[in-house]
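These notes concern the structure reproduced below.
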Number of protein chains: 4
Amino acid sequence: MQPIQNQAARDALLEGYRTVRQMTEKLVEPLTPEDQNLQSMDDASPAKWHRAHTTWFFETFLLQPHQPAYCVFDEHFNYLFNSYYEAIGERHPRPERGILSRPTAETVTQYRRYVDAAMEELIARIDDAALGQIAPLLALGLAHEQQHQELILTDIKHAFWRNPVSLAYQPAQGFTRDMPPPLDFVSFAGGIVEIGHDGHGFAFDNEGPRHRVLLNPYRIASRPISCGEYLLFMEDGGYSQPELWLSDGWATVQREGWQAPLYWTKDAKKGGWQVFTLNGKRAIDPAEPVCHVSFFEAAAFAAWAGKRLPTEAEWEHAAQSGRCEFRGGFLDRAHPHPRPASAPPGRLQMFGEVWEWTRSGYEPYPGFKPAGGAIGEYNGKFMCSQIVLRGGSCVTPPGHVRASYRNFFPPAARWQFSGIRLAEDV
Amino acid sequence: MQPIQNQAARDALLEGYRTVRQMTEKLVEPLTPEDQNLQSMDDASPAKWHRAHTTWFFETFLLQPHQPAYCVFDEHFNYLFNSYYEAIGERHPRPERGILSRPTAETVTQYRRYVDAAMEELIARIDDAALGQIAPLLALGLAHEQQHQELILTDIKHAFWRNPVSLAYQPAQGFTRDMPPPLDFVSFAGGIVEIGHDGHGFAFDNEGPRHRVLLNPYRIASRPISCGEYLLFMEDGGYSQPELWLSDGWATVQREGWQAPLYWTKDAKKGGWQVFTLNGKRAIDPAEPVCHVSFFEAAAFAAWAGKRLPTEAEWEHAAQSGRCEFRGGFLDRAHPHPRPASAPPGRLQMFGEVWEWTRSGYEPYPGFKPAGGAIGEYNGKFMCSQIVLRGGSCVTPPGHVRASYRNFFPPAARWQFSGIRLAEDV
Amino acid sequence: MQPIQNQAARDALLEGYRTVRQMTEKLVEPLTPEDQNLQSMDDASPAKWHRAHTTWFFETFLLQPHQPAYCVFDEHFNYLFNSYYEAIGERHPRPERGILSRPTAETVTQYRRYVDAAMEELIARIDDAALGQIAPLLALGLAHEQQHQELILTDIKHAFWRNPVSLAYQPAQGFTRDMPPPLDFVSFAGGIVEIGHDGHGFAFDNEGPRHRVLLNPYRIASRPISCGEYLLFMEDGGYSQPELWLSDGWATVQREGWQAPLYWTKDAKKGGWQVFTLNGKRAIDPAEPVCHVSFFEAAAFAAWAGKRLPTEAEWEHAAQSGRCEFRGGFLDRAHPHPRPASAPPGRLQMFGEVWEWTRSGYEPYPGFKPAGGAIGEYNGKFMCSQIVLRGGSCVTPPGHVRASYRNFFPPAARWQFSGIRLAEDV
Amino acid sequence: MQPIQNQAARDALLEGYRTVRQMTEKLVEPLTPEDQNLQSMDDASPAKWHRAHTTWFFETFLLQPHQPAYCVFDEHFNYLFNSYYEAIGERHPRPERGILSRPTAETVTQYRRYVDAAMEELIARIDDAALGQIAPLLALGLAHEQQHQELILTDIKHAFWRNPVSLAYQPAQGFTRDMPPPLDFVSFAGGIVEIGHDGHGFAFDNEGPRHRVLLNPYRIASRPISCGEYLLFMEDGGYSQPELWLSDGWATVQREGWQAPLYWTKDAKKGGWQVFTLNGKRAIDPAEPVCHVSFFEAAAFAAWAGKRLPTEAEWEHAAQSGRCEFRGGFLDRAHPHPRPASAPPGRLQMFGEVWEWTRSGYEPYPGFKPAGGAIGEYNGKFMCSQIVLRGGSCVTPPGHVRASYRNFFPPAARWQFSGIRLAEDV
């Protein structure tokens, strides 16, 4: 680690810290204390918990080891707000986070302020060498908080959805109903290519090491699949044809009674499909990317379309290429929902709007070694039974993702803003 | 129904209404909005829900039919806050009450004020004949609200218990640790006796008709079993001897790992038993009545003691007799926990402190007919797989119970303040 | 206990033993070894298990204590074939009985022969005083085996039902389709009456002590409800009206999707209702008693009919009266299904064909004390959350039931031959 | 497809058919009819079902399309014995296979004879061109039956294990207790290598297409991990250290209470570990390969050892190399359990004894396309949430596996003979 001898660099760290931390608080502004306590399923967490857990991260990994005089805000919080770090000790069971009415949202606000003051003090006064040493942890803590910002929105969306009285996180937004833009396929020759993070700037450990892979020639779609295209799959009996589905997928369709993406419902009066968004319920826009589909649905759609999903190496290779000039939108608090996006012929739109399921299981890259200690639990231990998604979504904070960024969820998960990009062999 | 022609009687109704309604609001004063939203198990409900549901009762059964100009506060509330009245339409599933972050606690307060204003207007201005007609419904609504007052405390106790950080509803109270007072048995000759409500004053439909039953001679304990006596049962291996238990009870002990009453834990340092109360965790007082035991535990204790539980007819007969002069305590907001109680030799203490499990399944009395309409769903449809409890507890509002009052819970339920009274054949 | 000094009495015991034991073996003649191993639900047991368990009873309670030279057939059998006697030691979990491919059906046959030889030797040679002493246990063992004979048939019926290829225990039998015979109600004046076993002849402990009860005047139906009458309830939307059902019953209807009695299905071609019997699937006969209904369905039917179910005291009182001259049929191996039955005006048909749900929970009679030791576990420990049925069915061995006989099952159980008798207040 | 014009080739097909089909019957010789009906968990199937299902395959895919006069043995069997071919129609639910007491084992024997006679007739008389056409299907049917031969043994092992009385499939075999042979690591340089089936001889569709992959230099263990080595992991607290485990693996350890491989138990008297084998229970041999471990245990062991599991490409590359000269044992009916195996320094023993978990999720090879029609459901639809195993085991029929053979099971599966091979980066 290099010492940080530059006041401007130090100021930038401070500014970065403040920006990310304030964004979290802005995201929960529309929520009541009761809203912040909701846990609508085991996979989701209360907004209050996200706010406290991200704060606990700074307290545990930055303040306690590096700020000698630091006094923990509340000794119970290590038990309550540790998410999964076994090395840090016992922790409160995940499915019971919703039972924690105390600490209240107000107390969590105080906790955040207390830790923020200590962190700002730490960043401002720690010596140059030590600052250089903790800078990577600071970056990790902020990237981690950005991940939870996205989860705050996906989790509250799910909780509001379960309230029989239709709720909205933000006021309704005007929208149009258009035909999907053209869908092209862009060709790549393959061969030996490099993927994985190259070490410049922040990345999670699972993005490396950068390494060579051998790709066959392939073609990849210029944009994600739209709602209009997905409706054609539904109309053609996509949810009723077992031959389109992976075996586990078909079992899930049967067991859960899936007939459409999550958050889609039939309008009781007019009969058309409606979608529940963070801006309330409204009609489907055929032009916008379909989202809240599982890997199973993505794979079934691809089979129906006579295509396949890209591997993560293909995706990353294309995203690094000169063909990818057009990025979709990232987090916009007033309108957290994907918008129609496209690219001119021969060009790719590959980031933002929706996470894209790949055909790749989440496995370690060749030579991957987790970091030592509790931080090493961050990613490696989840490398089983999960599928890689790429690209970021309309609720991912701007600047958070990279071409090498590997998101991952189980194949049946639908509550993230997850969509479909097609590929095929040449 | 008699018309109510007396202003004093009208004033008394108004006063009664205000008293009960205000007590509910006092009970939730120590609770944050987040606390009020908690549902810690399917059987329990959020405090906010209890507040709204009891209000919905007045809106639905009093205001809508009898106040022509009344406009409902929110049309969704009929769906959200109907508890189990099938005749009133669809309702929100019970296990999902905790997901309702909206309406907020604040909105529910507004709802209560809105309905209270309309109810006070109704009581003040309705004509004498109509007031006579609605008086029984008004009494029912208030008795119903008192039942929910008790549940607000038992439900929040369970929710706080599940928070790993020890919470208290009220500040700790001093307490002593005494030996149990003497336990006597009082004899009754039996014969043909009358039980059931005699029609004077308010009663729930399940308390009637009053009818004759034939009792064998019996003896009944002068007070409930104390913690000290229960500890002897525990020390003697009570939870390890299947021959003491009903078959379903033993299966429950094995499945749930029961070793003590609910809310009892071993002190990690000193090794003694502690009890979680609404005033926080503290040592056991051997003199106070044991509570939060299931019917299964009550029956096993009785078997161990060489006695049995009383039938509900025996209990009621004894409670109506001249031997029962001493009543235990009812709801005291500052100290919602049973206190030691006893009676002089030959006398009985039979009300208050803890509900007492009888040996009687909850079945209709001879000639019982539920009322017509939705109100008729109040009690009769639960007459299966439940056990009758008698007497009221330390969280039952004063004046709520009678000798003929029939409470009922499934045999494995422990989150009520339920204790043990013994009986035996002569 | 009196000594048995009479050779004829001794011969009668021997003959009684042989008759019951041989009947069990006749009942399994139509079953293959694979059939005998089936366990189709936790509540049911394999036929092979029933054969071995009843044999274990004689080995454990008669041979081991009373035949000094007796050597157990296989020391593992005490673990495998103990049903629920905690005092006798650990036992194999009930839901896993179907996993016991060994001992094979053939080995169980050898076990039965081995025990039968020892038992016949015991009965033939034990001295008079000792024979008098064991005679009640012998009678208990045989009554116990008869109970399991009934279960062999109800359990294999359920197992065959789950095979998608329609199986039959016995060849089809001709049957007619008639209108139900007239349904009358017979009046009784009530008052103080006696119920419970009077001590003459064998009875289970739960049938006593004989005791007085006070009955209101009542009327009771002359015969069980027929399929034709039950169809009217179904046609009238009986399964869709929550107000007819107990709360637990309605929840069960919803959860299980009940639309008709167990074993009823719609004929795929003609649309009429069919019933699966031990003689195969065939059309409904409107005249025959409806069976395989739960207590919940019985109670809902009664509510629909404007009547109620009888209490067990009413049932027994009527069954003991001079009005009850007509008995229905008991076990007939060739045709194990209820037949239409009736009685002339003013008379009752009260035994056989179908067990009849009463309105009474299964509770101890006043003064009931279970026997000491393992035998005492026979009945008392099940006195919770069960409903009393009376009268015996078409698969109950002849001679097995009495007016005081108390059968019991949980309220949702449907796999017994359980039907409906109505009653009402006068 | 080439016509088969050679009588010797035709005879070889006939001989191959007979050999495989007879082996199945030999495997069930030690089983009673009741044994053959057991289903001890959802993942396992009764031996009888395996015998019928493999027969149904020939009836459905060979006889019905290619033998015009063929008359199906029983029309219900298509429903009962279809495993998962959605295109062939509805099928009996997998978890309920154990309820099928009929058809009996004897009837299934007749079914096999009936189909064998028709198949032998078909092979003997079909014209050369058609024989050439069906030969691949015939090979598929036989390879399929060999897979089920392995499952017959693993499934009955699990069922016998659940019987509290210790059963054995075959008599006990003498065994020694030795130290593990030396464990070496053999190095490979990596680079671009080819894996996948090359098209000569039979292979399943999932083994192709053959394709190039880029491998880093790696080293791979000379033999599977032994019980002795695994005991060291256990002694060192392997099952108690979350940091060694994948997150799902640790959750499984906690939930299932895993402390050792499946089938290991502590000797109640002497305290040492014992293992349940198809030859009965006996002490552990430290020298023999550990088996019945899950992927989670394999990965945790590798982490503990400071190594990793090989990717499937590494495994296949090593197995194709000249270093792999030593094969372990395959199915031996008298002793179906892995034996110690090793190879001289610098050489590999890579087949037989135990299946070896790789670090690779089961995904399609580049360019993989499932066959059309029902046969296409054979493999592709399972390519999700499963882990690839390689090499074959002591219950895999000889000749069944190849270097390119891809077996797959979910990561928590333990009832297969699955073991551990280590690898590491150079």
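Chain labels follow the order of the structure tokens: the first chain is A, the next B, and so on; residue numbering restarts at 1 in every chain, and ligands are counted from 1 in their shown order.
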Would you give me, as a ChimeraX atom specification, the residues of chain B that come within 8 Å of chain C, using only C-alpha atoms?
/B:86-87,212-214,216,242-243,245-248,360-361,363,366-367,377,380-386,425
Could you write those residues out with N, CA and C atoms, as an mmCIF file, in the first residue's frame?
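Saved result, part16.cif, follows:
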data_model
loop_
_atom_site.group_PDB
_atom_site.id
_atom_site.type_symbol
_atom_site.label_atom_id
_atom_site.label_comp_id
_atom_site.auth_asym_id
_atom_site.auth_seq_id
_atom_site.Cartn_x
_atom_site.Cartn_y
_atom_site.Cartn_z
ATOM 1 N N GLU B 86 -66.340 -14.260 8.562
ATOM 2 C CA GLU B 86 -66.492 -14.667 7.169
ATOM 3 C C GLU B 86 -67.650 -13.920 6.502
ATOM 4 N N ALA B 87 -68.682 -13.669 7.295
ATOM 5 C CA ALA B 87 -69.877 -13.054 6.725
ATOM 6 C C ALA B 87 -69.634 -11.615 6.281
ATOM 7 N N ARG B 212 -78.391 -27.023 34.209
ATOM 8 C CA ARG B 212 -78.052 -27.872 35.336
ATOM 9 C C ARG B 212 -77.027 -28.928 34.932
ATOM 10 N N VAL B 213 -76.098 -29.192 35.830
ATOM 11 C CA VAL B 213 -75.160 -30.301 35.609
ATOM 12 C C VAL B 213 -75.068 -31.091 36.907
ATOM 13 N N LEU B 214 -74.685 -32.340 36.765
ATOM 14 C CA LEU B 214 -74.572 -33.235 37.906
ATOM 15 C C LEU B 214 -73.096 -33.377 38.255
ATOM 16 N N ASN B 216 -70.081 -34.856 40.843
ATOM 17 C CA ASN B 216 -69.656 -35.716 41.948
ATOM 18 C C ASN B 216 -69.029 -34.833 43.031
ATOM 19 N N PRO B 242 -42.390 -39.565 30.510
ATOM 20 C CA PRO B 242 -43.547 -39.591 29.597
ATOM 21 C C PRO B 242 -44.827 -40.037 30.272
ATOM 22 N N GLU B 243 -44.728 -40.844 31.314
ATOM 23 C CA GLU B 243 -45.965 -41.356 31.918
ATOM 24 C C GLU B 243 -46.795 -40.268 32.576
ATOM 25 N N TRP B 245 -47.464 -37.437 31.106
ATOM 26 C CA TRP B 245 -47.957 -36.539 30.064
ATOM 27 C C TRP B 245 -49.023 -37.178 29.191
ATOM 28 N N LEU B 246 -49.935 -36.336 28.707
ATOM 29 C CA LEU B 246 -50.788 -36.743 27.600
ATOM 30 C C LEU B 246 -49.899 -37.020 26.395
ATOM 31 N N SER B 247 -50.358 -37.874 25.526
ATOM 32 C CA SER B 247 -49.544 -38.287 24.384
ATOM 33 C C SER B 247 -49.153 -37.084 23.507
ATOM 34 N N ASP B 248 -50.104 -36.235 23.197
ATOM 35 C CA ASP B 248 -49.790 -35.030 22.414
ATOM 36 C C ASP B 248 -48.843 -34.105 23.179
ATOM 37 N N SER B 360 -61.592 -29.338 30.771
ATOM 38 C CA SER B 360 -62.750 -29.399 29.869
ATOM 39 C C SER B 360 -62.424 -28.846 28.491
ATOM 40 N N GLY B 361 -62.736 -29.647 27.476
ATOM 41 C CA GLY B 361 -62.690 -29.157 26.107
ATOM 42 C C GLY B 361 -63.755 -28.089 25.937
ATOM 43 N N GLU B 363 -66.721 -26.803 24.442
ATOM 44 C CA GLU B 363 -67.863 -27.332 23.691
ATOM 45 C C GLU B 363 -69.100 -26.507 24.002
ATOM 46 N N PRO B 366 -75.495 -27.260 26.606
ATOM 47 C CA PRO B 366 -76.779 -27.789 26.096
ATOM 48 C C PRO B 366 -77.724 -26.651 25.718
ATOM 49 N N GLY B 367 -78.227 -26.710 24.507
ATOM 50 C CA GLY B 367 -79.161 -25.689 24.049
ATOM 51 C C GLY B 367 -78.498 -24.449 23.490
ATOM 52 N N GLU B 377 -70.580 -15.374 14.683
ATOM 53 C CA GLU B 377 -69.309 -16.062 14.491
ATOM 54 C C GLU B 377 -68.391 -15.866 15.689
ATOM 55 N N GLY B 380 -68.981 -19.542 18.755
ATOM 56 C CA GLY B 380 -69.363 -20.932 18.511
ATOM 57 C C GLY B 380 -68.423 -21.655 17.563
ATOM 58 N N LYS B 381 -67.919 -20.959 16.563
ATOM 59 C CA LYS B 381 -67.153 -21.687 15.559
ATOM 60 C C LYS B 381 -65.768 -22.112 16.040
ATOM 61 N N PHE B 382 -65.391 -21.698 17.227
ATOM 62 C CA PHE B 382 -64.102 -22.130 17.768
ATOM 63 C C PHE B 382 -64.226 -23.338 18.699
ATOM 64 N N MET B 383 -65.435 -23.898 18.785
ATOM 65 C CA MET B 383 -65.667 -24.961 19.768
ATOM 66 C C MET B 383 -65.146 -26.307 19.279
ATOM 67 N N CYS B 384 -63.853 -26.402 19.155
ATOM 68 C CA CYS B 384 -63.199 -27.630 18.711
ATOM 69 C C CYS B 384 -61.710 -27.514 18.999
ATOM 70 N N SER B 385 -61.136 -28.544 19.592
ATOM 71 C CA SER B 385 -59.679 -28.625 19.799
ATOM 72 C C SER B 385 -59.124 -27.514 20.680
ATOM 73 N N GLN B 386 -59.961 -26.969 21.564
ATOM 74 C CA GLN B 386 -59.501 -25.943 22.472
ATOM 75 C C GLN B 386 -59.874 -26.357 23.894
ATOM 76 N N ASP B 425 -61.039 -35.875 43.301
ATOM 77 C CA ASP B 425 -62.296 -36.492 43.729
ATOM 78 C C ASP B 425 -62.260 -36.641 45.243
#
Fewer than 3 positions away in the same chain doesn't count, so skip those; otherwise give me all residues within 9 Å of Pro171 (chain B), counting only C-alpha atoms, as a ChimeraX atom specification.
/B:168,278-280,334-335
Members of region 1-236 of chain D assigned alpha helix (DSSP H) by DSSP, as a VMD selection string:
chain D and resid 7 to 27 33 to 36 47 to 58 64 to 66 77 to 81 105 to 125 128 to 162 227 to 235
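Here CA of Gly98 (chain B) and CA of Ser40 (chain B) stand 8.2 Å from one another.
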